[in-house]
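One file, structure03.pdb, carrying PDB, C-alpha atoms:
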```pdb
ATOM      1  CA  MET A 113      97.429 107.129  64.262
ATOM      2  CA  LEU A 114      97.430 105.563  60.814
ATOM      3  CA  ASN A 115      97.524 101.787  60.756
ATOM      4  CA  ILE A 116      98.630 101.195  57.159
ATOM      5  CA  PRO A 117     100.911  98.438  55.904
ATOM      6  CA  THR A 118     104.419  99.365  54.810
ATOM      7  CA  TYR A 119     104.410  99.880  51.074
ATOM      8  CA  LYS A 120     106.784 102.003  49.013
ATOM      9  CA  PRO A 121     105.465 102.661  45.494
ATOM     10  CA  PRO A 122     107.695 102.352  42.451
ATOM     11  CA  ALA A 123     108.547 105.551  40.576
ATOM     12  CA  LYS A 124     105.859 106.913  38.271
ATOM     13  CA  CYS A 125     103.242 104.566  39.698
ATOM     14  CA  ARG A 126      99.610 105.692  39.584
ATOM     15  CA  HIS A 127      97.653 102.892  41.294
ATOM     16  CA  LEU A 128      99.050 100.504  43.860
ATOM     17  CA  ASN A 129      97.887  97.167  45.205
ATOM     18  CA  SER A 130      98.826  95.595  48.496
ATOM     19  CA  ASP A 131      97.624  92.345  50.035
ATOM     20  CA  ARG A 132      95.705  94.262  52.670
ATOM     21  CA  LEU A 133      94.143  97.166  50.832
ATOM     22  CA  TYR A 134      94.100  99.046  47.602
ATOM     23  CA  LEU A 135      95.932 102.366  47.834
ATOM     24  CA  ALA A 136      94.635 105.123  45.621
ATOM     25  CA  ALA A 137      97.841 107.013  45.051
ATOM     26  CA  LYS A 138      98.756 109.318  42.238
ATOM     27  CA  PHE A 139     102.287 110.207  41.224
ATOM     28  CA  LEU A 140     102.362 113.894  40.228
ATOM     29  CA  ASN A 141     105.607 115.857  40.098
ATOM     30  CA  ASN A 142     107.240 113.491  42.612
ATOM     31  CA  MET A 143     104.117 113.689  44.779
ATOM     32  CA  LEU A 144     101.783 110.931  45.880
ATOM     33  CA  ARG A 145      98.155 111.629  46.749
ATOM     34  CA  TYR A 146      96.334 109.570  49.372
ATOM     35  CA  CYS A 147      92.651 109.899  50.199
ATOM     36  CA  LEU A 148      91.519 108.761  53.634
ATOM     37  CA  ALA A 149      88.234 108.615  55.549
ATOM     38  CA  LEU A 150      87.285 108.755  59.222
ATOM     39  CA  ASP A 151      84.069 109.476  61.082
ATOM     40  CA  LEU A 152      83.452 111.895  63.890
ATOM     41  CA  VAL A 153      81.185 111.105  66.816
ATOM     42  CA  ASP A 154      77.784 112.286  65.549
ATOM     43  CA  ASP A 155      77.298 115.094  68.065
ATOM     44  CA  GLU A 156      77.079 118.742  66.947
ATOM     45  CA  GLN A 157      78.934 120.089  70.010
ATOM     46  CA  LEU A 158      81.800 117.603  69.628
ATOM     47  CA  ILE A 159      82.037 118.284  65.880
ATOM     48  CA  SER A 160      82.199 122.012  66.602
ATOM     49  CA  GLU A 161      85.013 121.465  69.123
ATOM     50  CA  TYR A 162      86.897 119.251  66.649
ATOM     51  CA  GLU A 163      86.680 121.922  63.965
ATOM     52  CA  ALA A 164      87.870 124.571  66.447
ATOM     53  CA  TYR A 165      91.003 122.515  67.191
ATOM     54  CA  HIS A 166      91.701 122.220  63.473
ATOM     55  CA  ALA A 167      91.104 125.940  62.853
ATOM     56  CA  HIS A 168      94.165 126.626  65.039
ATOM     57  CA  PRO A 169      96.356 123.513  64.893
ATOM     58  CA  ARG A 170      99.238 123.078  67.294
ATOM     59  CA  PRO A 171     102.592 124.031  65.707
ATOM     60  CA  GLU A 172     104.308 120.835  66.898
ATOM     61  CA  ILE A 173     101.623 118.751  65.153
ATOM     62  CA  MET A 174     102.060 120.680  61.912
ATOM     63  CA  GLN A 175     105.836 120.234  62.181
ATOM     64  CA  SER A 176     105.444 116.476  62.724
ATOM     65  CA  ILE A 177     103.249 116.168  59.638
ATOM     66  CA  ARG A 178     105.693 118.098  57.461
ATOM     67  CA  GLU A 179     108.757 116.227  58.787
ATOM     68  CA  ALA A 180     107.151 112.955  57.678
ATOM     69  CA  GLY A 181     107.091 114.142  54.054
ATOM     70  CA  VAL A 182     103.494 115.374  53.890
ATOM     71  CA  THR A 183     103.395 118.482  51.705
ATOM     72  CA  VAL A 184      99.625 119.042  51.483
ATOM     73  CA  MET A 185      96.889 117.960  53.863
ATOM     74  CA  ASP A 186      93.268 119.014  53.446
ATOM     75  CA  ILE A 187      90.368 117.687  55.522
ATOM     76  CA  TYR A 188      86.735 118.018  54.434
ATOM     77  CA  ARG A 189      83.555 117.152  56.347
ATOM     78  CA  ALA A 190      80.087 116.023  55.266
ATOM     79  CA  GLY A 191      77.894 115.386  58.300
ATOM     80  CA  ASN A 192      80.128 113.373  60.594
ATOM     81  CA  ARG A 193      82.277 111.848  57.790
ATOM     82  CA  LEU A 194      85.770 113.266  57.293
ATOM     83  CA  PHE A 195      87.685 113.023  54.035
ATOM     84  CA  MET A 196      91.420 113.774  53.982
ATOM     85  CA  ILE A 197      93.479 114.477  50.894
ATOM     86  CA  MET A 198      97.157 114.089  51.629
ATOM     87  CA  GLU A 199      99.970 114.730  49.165
ATOM     88  CA  THR A 200     103.451 113.566  50.049
ATOM     89  CA  ASP A 201     106.944 113.695  48.709
ATOM     90  CA  ASP A 202     108.809 110.520  47.804
ATOM     91  CA  THR A 203     110.284 110.204  51.321
ATOM     92  CA  PHE A 204     106.872 109.583  52.900
ATOM     93  CA  ASP A 205     106.101 106.124  54.269
ATOM     94  CA  PHE A 206     103.096 105.222  56.476
ATOM     95  CA  ALA A 207     105.177 102.937  58.705
ATOM     96  CA  LYS A 208     107.815 105.635  59.186
ATOM     97  CA  LYS A 209     105.105 108.193  60.034
ATOM     98  CA  SER A 210     103.554 105.800  62.566
ATOM     99  CA  ALA A 211     106.946 105.226  64.211
ATOM    100  CA  MET A 212     107.622 108.965  64.333
ATOM    101  CA  ASP A 213     104.199 109.551  65.905
ATOM    102  CA  ALA A 214     104.700 106.814  68.496
ATOM    103  CA  ALA A 215     108.003 108.405  69.563
ATOM    104  CA  ASN A 216     106.567 111.918  69.836
ATOM    105  CA  PRO A 217     104.768 112.653  73.151
ATOM    106  CA  LYS A 218     103.081 115.774  71.698
ATOM    107  CA  VAL A 219     101.612 113.753  68.825
ATOM    108  CA  GLN A 220     100.463 111.051  71.264
ATOM    109  CA  GLU A 221      98.783 113.722  73.403
ATOM    110  CA  TRP A 222      97.074 115.161  70.285
ATOM    111  CA  GLU A 223      95.939 111.727  69.086
ATOM    112  CA  ALA A 224      94.466 110.893  72.512
ATOM    113  CA  LEU A 225      92.613 114.225  72.543
ATOM    114  CA  MET A 226      91.302 113.775  68.981
ATOM    115  CA  TRP A 227      90.037 110.239  69.675
ATOM    116  CA  LYS A 228      87.380 111.835  71.920
ATOM    117  CA  TYR A 229      85.857 113.212  68.714
ATOM    118  CA  GLN A 230      86.683 110.451  66.233
ATOM    119  CA  GLN A 231      85.332 106.999  65.502
ATOM    120  CA  ALA A 232      86.387 104.430  62.960
ATOM    121  CA  ILE A 233      84.369 104.015  59.778
ATOM    122  CA  PRO A 234      82.617 100.658  59.290
ATOM    123  CA  ALA A 235      85.300  99.534  56.795
ATOM    124  CA  ALA A 236      88.145 100.062  59.305
ATOM    125  CA  LYS A 237      90.203  97.175  60.583
ATOM    126  CA  PRO A 238      90.599  96.826  64.370
ATOM    127  CA  GLY A 239      92.846  99.619  65.626
ATOM    128  CA  GLU A 240      92.558 101.718  62.452
ATOM    129  CA  LYS A 241      91.480 105.338  62.522
ATOM    130  CA  TRP A 242      92.004 106.964  59.141
ATOM    131  CA  VAL A 243      91.353 104.443  56.349
ATOM    132  CA  VAL A 244      92.922 104.780  52.905
ATOM    133  CA  MET A 245      90.156 104.908  50.316
ATOM    134  CA  LYS A 246      89.997 102.973  47.058
ATOM    135  CA  GLN A 247      89.978 105.155  43.968
ATOM    136  CA  ILE A 248      87.098 104.092  41.736
ATOM    137  CA  PHE A 249      87.171 106.794  39.053
ATOM    138  CA  GLU A 250      89.657 109.075  37.378
ATOM    139  CA  LEU A 251      88.743 111.533  34.639
ATOM    140  CA  PRO A 252      90.721 110.332  31.639
ATOM    141  CA  GLU A 253      92.825 112.621  29.521
ATOM    142  CA  PRO A 254      90.809 113.920  26.555
ATOM    143  CA  PRO A 255      91.512 112.119  23.287
ATOM    144  CA  SER A 256      94.044 113.776  21.059
ATOM    145  CA  GLN A 257      92.467 115.978  18.464
ATOM    146  CA  PRO A 258      94.026 116.130  15.009
ATOM    147  CA  PRO A 259      95.182 119.652  14.144
ATOM    148  CA  SER A 260      92.472 121.592  12.379
ATOM    149  CA  PRO A 261      93.195 122.334   8.718
ATOM    150  CA  LYS A 262      94.457 125.827   8.000
ATOM    151  CA  GLY A 263      92.424 127.959   5.803
ATOM    152  CA  GLY A 264      88.971 127.386   4.890
TER     153      GLY A 264
END
```

Render the structure in this file as structure tokens.
Amino acid sequence: MLNIPTYKPPAKCRHLNSDRLYLAAKFLNNMLRYCLALDLVDDEQLISEYEAYHAHPRPEIMQSIREAGVTVMDIYRAGNRLFMIMETDDTFDFAKKSAMDAANPKVQEWEALMWKYQQAIPAAKPGEKWVVMKQIFELPEPPSQPPSPKGG
């Protein structure tokens, strides 16, 4: 379960600050992008099992994610570190998602099962699993080029 403070970004906001953490969020076509990190228990067999669960996710879990306003969710792995990219519509709110998850027995069952494989990263606060990452770089737009003269 995500343990993120309630924060609703203003329209057209690219980077957000909260008292507790810096949210790297990007507003693109009414979408926000969040990047999160979590570790897996460093055991090849457990990592293999975790990946098998995610190769065939439970439909009720996918439905819960979508109903919260998540439109894209990709998870990548390097060693035992997981990196999630999550894009949401403007109805998404971490507190609302946490409340929805707490009220859904299937999500609670899934979260309990997944915790066998997961462990908090060193930067996590007590009780946190997935931790929102701080964006430290963004490729800037290229400078405008003056139109090239016609002719030769």

Neighbour residues at most 9 Å from (105.9, 106.6, 56.4) (all atoms listed in the file) as a PDB file with C-alpha atoms, keeping the file's coordinate frame:
```
ATOM      1  CA  THR A 118     104.419  99.365  54.810  1.00  0.00           C
ATOM      2  CA  TYR A 119     104.410  99.880  51.074  1.00  0.00           C
ATOM      3  CA  LYS A 120     106.784 102.003  49.013  1.00  0.00           C
ATOM      4  CA  ALA A 180     107.151 112.955  57.678  1.00  0.00           C
ATOM      5  CA  GLY A 181     107.091 114.142  54.054  1.00  0.00           C
ATOM      6  CA  THR A 203     110.284 110.204  51.321  1.00  0.00           C
ATOM      7  CA  PHE A 204     106.872 109.583  52.900  1.00  0.00           C
ATOM      8  CA  ASP A 205     106.101 106.124  54.269  1.00  0.00           C
ATOM      9  CA  PHE A 206     103.096 105.222  56.476  1.00  0.00           C
ATOM     10  CA  ALA A 207     105.177 102.937  58.705  1.00  0.00           C
ATOM     11  CA  LYS A 208     107.815 105.635  59.186  1.00  0.00           C
ATOM     12  CA  LYS A 209     105.105 108.193  60.034  1.00  0.00           C
ATOM     13  CA  SER A 210     103.554 105.800  62.566  1.00  0.00           C
ATOM     14  CA  ALA A 211     106.946 105.226  64.211  1.00  0.00           C
ATOM     15  CA  MET A 212     107.622 108.965  64.333  1.00  0.00           C
TER      16      MET A 212
END
```

Exercise. Applied to the shown file, which residues does the PyMOL selection byres ((chain A and resi 152-157) around 9) return, written as a ChimeraX atom specification?
Worked result: /A:150-151,158-162,191-194,227-233

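Between atom CA of Lys218 of chain A and atom CA of Leu144 of chain A lies a distance of 26.3 Å.
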
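The space between atom CA of Ala167 of chain A and atom CA of Pro234 of chain A spans 26.9 Å.
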
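Neighbouring residues of Ala235 of chain A at 12 Å or closer, counting all atoms listed in the file and skipping chain neighbours under 4 positions away, are Leu133, Leu148, Ala149, Leu150, Asp151, Gln231, Gly239, Glu240, Lys241, Trp242, Val243, Val244, Met245 and Lys246 of chain A.
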
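Straight-line separation from atom CA of Phe195 of chain A to atom CA of Pro169 of chain A: 17.4 Å.
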
Problem set entry | Residue nearest Asp201 of chain A - candidates A:Met185, A:Ala224, A:Met143, A:Ala215, atoms counted: only C-alpha atoms | A:Met143

Exercise. Expanded to explicit residues, what is the PyMOL selection byres ((chain A and resi 176) around 9) for this file, as a VMD selection string?
Worked result: chain A and resid 171 to 175 177 to 180 209 212 to 213 216 219

Exercise. Looking at all atoms listed in the file, which of A:Ile197, A:Ala236, A:Ile187, A:Ile248 is the one that sits closest to Arg145 of chain A?
Worked result: A:Ile197

Is it possible to add N, CA and C atoms to segment 188-220 of chain A and hand it back as a PDB file, in the coordinates of the input?
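Result written to rebuild.pdb:
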```pdb
ATOM      1  N   TYR A 188      88.081 117.553  54.735  1.00  0.00           N
ATOM      2  CA  TYR A 188      86.735 118.018  54.434  1.00  0.00           C
ATOM      3  C   TYR A 188      85.756 117.229  55.300  1.00  0.00           C
ATOM      4  N   ARG A 189      84.567 117.819  55.534  1.00  0.00           N
ATOM      5  CA  ARG A 189      83.555 117.152  56.347  1.00  0.00           C
ATOM      6  C   ARG A 189      82.205 117.211  55.652  1.00  0.00           C
ATOM      7  N   ALA A 190      81.489 116.100  55.681  1.00  0.00           N
ATOM      8  CA  ALA A 190      80.087 116.023  55.266  1.00  0.00           C
ATOM      9  C   ALA A 190      79.361 115.291  56.387  1.00  0.00           C
ATOM     10  N   GLY A 191      78.519 116.001  57.131  1.00  0.00           N
ATOM     11  CA  GLY A 191      77.894 115.386  58.300  1.00  0.00           C
ATOM     12  C   GLY A 191      78.983 115.043  59.300  1.00  0.00           C
ATOM     13  N   ASN A 192      79.062 113.777  59.670  1.00  0.00           N
ATOM     14  CA  ASN A 192      80.128 113.373  60.594  1.00  0.00           C
ATOM     15  C   ASN A 192      81.256 112.603  59.888  1.00  0.00           C
ATOM     16  N   ARG A 193      81.223 112.538  58.557  1.00  0.00           N
ATOM     17  CA  ARG A 193      82.277 111.848  57.790  1.00  0.00           C
ATOM     18  C   ARG A 193      83.369 112.839  57.413  1.00  0.00           C
ATOM     19  N   LEU A 194      84.617 112.471  57.687  1.00  0.00           N
ATOM     20  CA  LEU A 194      85.770 113.266  57.293  1.00  0.00           C
ATOM     21  C   LEU A 194      86.442 112.621  56.093  1.00  0.00           C
ATOM     22  N   PHE A 195      86.962 113.459  55.224  1.00  0.00           N
ATOM     23  CA  PHE A 195      87.685 113.023  54.035  1.00  0.00           C
ATOM     24  C   PHE A 195      88.980 113.815  53.986  1.00  0.00           C
ATOM     25  N   MET A 196      90.114 113.120  53.999  1.00  0.00           N
ATOM     26  CA  MET A 196      91.420 113.774  53.982  1.00  0.00           C
ATOM     27  C   MET A 196      92.100 113.519  52.644  1.00  0.00           C
ATOM     28  N   ILE A 197      92.620 114.585  52.069  1.00  0.00           N
ATOM     29  CA  ILE A 197      93.479 114.477  50.894  1.00  0.00           C
ATOM     30  C   ILE A 197      94.878 114.828  51.373  1.00  0.00           C
ATOM     31  N   MET A 198      95.794 113.911  51.149  1.00  0.00           N
ATOM     32  CA  MET A 198      97.157 114.089  51.629  1.00  0.00           C
ATOM     33  C   MET A 198      98.108 113.872  50.457  1.00  0.00           C
ATOM     34  N   GLU A 199      98.941 114.864  50.181  1.00  0.00           N
ATOM     35  CA  GLU A 199      99.970 114.730  49.165  1.00  0.00           C
ATOM     36  C   GLU A 199     101.316 114.679  49.872  1.00  0.00           C
ATOM     37  N   THR A 200     102.175 113.798  49.383  1.00  0.00           N
ATOM     38  CA  THR A 200     103.451 113.566  50.049  1.00  0.00           C
ATOM     39  C   THR A 200     104.586 113.599  49.045  1.00  0.00           C
ATOM     40  N   ASP A 201     105.779 113.826  49.570  1.00  0.00           N
ATOM     41  CA  ASP A 201     106.944 113.695  48.709  1.00  0.00           C
ATOM     42  C   ASP A 201     107.368 112.229  48.701  1.00  0.00           C
ATOM     43  N   ASP A 202     108.427 111.924  47.955  1.00  0.00           N
ATOM     44  CA  ASP A 202     108.809 110.520  47.804  1.00  0.00           C
ATOM     45  C   ASP A 202     109.524 109.947  49.022  1.00  0.00           C
ATOM     46  N   THR A 203     109.702 110.740  50.086  1.00  0.00           N
ATOM     47  CA  THR A 203     110.284 110.204  51.321  1.00  0.00           C
ATOM     48  C   THR A 203     109.214 109.679  52.272  1.00  0.00           C
ATOM     49  N   PHE A 204     107.945 109.968  51.984  1.00  0.00           N
ATOM     50  CA  PHE A 204     106.872 109.583  52.900  1.00  0.00           C
ATOM     51  C   PHE A 204     106.656 108.076  52.903  1.00  0.00           C
ATOM     52  N   ASP A 205     106.417 107.536  54.087  1.00  0.00           N
ATOM     53  CA  ASP A 205     106.101 106.124  54.269  1.00  0.00           C
ATOM     54  C   ASP A 205     105.185 106.026  55.493  1.00  0.00           C
ATOM     55  N   PHE A 206     104.053 105.325  55.365  1.00  0.00           N
ATOM     56  CA  PHE A 206     103.096 105.222  56.476  1.00  0.00           C
ATOM     57  C   PHE A 206     103.721 104.601  57.723  1.00  0.00           C
ATOM     58  N   ALA A 207     104.546 103.582  57.547  1.00  0.00           N
ATOM     59  CA  ALA A 207     105.177 102.937  58.705  1.00  0.00           C
ATOM     60  C   ALA A 207     106.137 103.896  59.400  1.00  0.00           C
ATOM     61  N   LYS A 208     106.888 104.653  58.611  1.00  0.00           N
ATOM     62  CA  LYS A 208     107.815 105.635  59.186  1.00  0.00           C
ATOM     63  C   LYS A 208     107.036 106.709  59.946  1.00  0.00           C
ATOM     64  N   LYS A 209     105.931 107.171  59.372  1.00  0.00           N
ATOM     65  CA  LYS A 209     105.105 108.193  60.034  1.00  0.00           C
ATOM     66  C   LYS A 209     104.548 107.644  61.342  1.00  0.00           C
ATOM     67  N   SER A 210     104.079 106.410  61.338  1.00  0.00           N
ATOM     68  CA  SER A 210     103.554 105.800  62.566  1.00  0.00           C
ATOM     69  C   SER A 210     104.622 105.699  63.641  1.00  0.00           C
ATOM     70  N   ALA A 211     105.844 105.324  63.248  1.00  0.00           N
ATOM     71  CA  ALA A 211     106.946 105.226  64.211  1.00  0.00           C
ATOM     72  C   ALA A 211     107.307 106.600  64.757  1.00  0.00           C
ATOM     73  N   MET A 212     107.339 107.602  63.888  1.00  0.00           N
ATOM     74  CA  MET A 212     107.622 108.965  64.333  1.00  0.00           C
ATOM     75  C   MET A 212     106.564 109.433  65.333  1.00  0.00           C
ATOM     76  N   ASP A 213     105.299 109.146  65.026  1.00  0.00           N
ATOM     77  CA  ASP A 213     104.199 109.551  65.905  1.00  0.00           C
ATOM     78  C   ASP A 213     104.291 108.861  67.261  1.00  0.00           C
ATOM     79  N   ALA A 214     104.612 107.582  67.247  1.00  0.00           N
ATOM     80  CA  ALA A 214     104.700 106.814  68.496  1.00  0.00           C
ATOM     81  C   ALA A 214     105.816 107.336  69.395  1.00  0.00           C
ATOM     82  N   ALA A 215     106.866 107.902  68.796  1.00  0.00           N
ATOM     83  CA  ALA A 215     108.003 108.405  69.563  1.00  0.00           C
ATOM     84  C   ALA A 215     107.844 109.870  69.975  1.00  0.00           C
ATOM     85  N   ASN A 216     106.756 110.495  69.569  1.00  0.00           N
ATOM     86  CA  ASN A 216     106.567 111.918  69.836  1.00  0.00           C
ATOM     87  C   ASN A 216     105.449 112.111  70.868  1.00  0.00           C
ATOM     88  N   PRO A 217     105.784 112.492  72.105  1.00  0.00           N
ATOM     89  CA  PRO A 217     104.768 112.653  73.151  1.00  0.00           C
ATOM     90  C   PRO A 217     103.693 113.690  72.804  1.00  0.00           C
ATOM     91  N   LYS A 218     104.067 114.744  72.082  1.00  0.00           N
ATOM     92  CA  LYS A 218     103.081 115.774  71.698  1.00  0.00           C
ATOM     93  C   LYS A 218     102.071 115.210  70.706  1.00  0.00           C
ATOM     94  N   VAL A 219     102.533 114.385  69.775  1.00  0.00           N
ATOM     95  CA  VAL A 219     101.612 113.753  68.825  1.00  0.00           C
ATOM     96  C   VAL A 219     100.717 112.762  69.562  1.00  0.00           C
ATOM     97  N   GLN A 220     101.272 111.997  70.486  1.00  0.00           N
ATOM     98  CA  GLN A 220     100.463 111.051  71.264  1.00  0.00           C
ATOM     99  C   GLN A 220      99.392 111.776  72.071  1.00  0.00           C
TER     100      GLN A 220
END
```
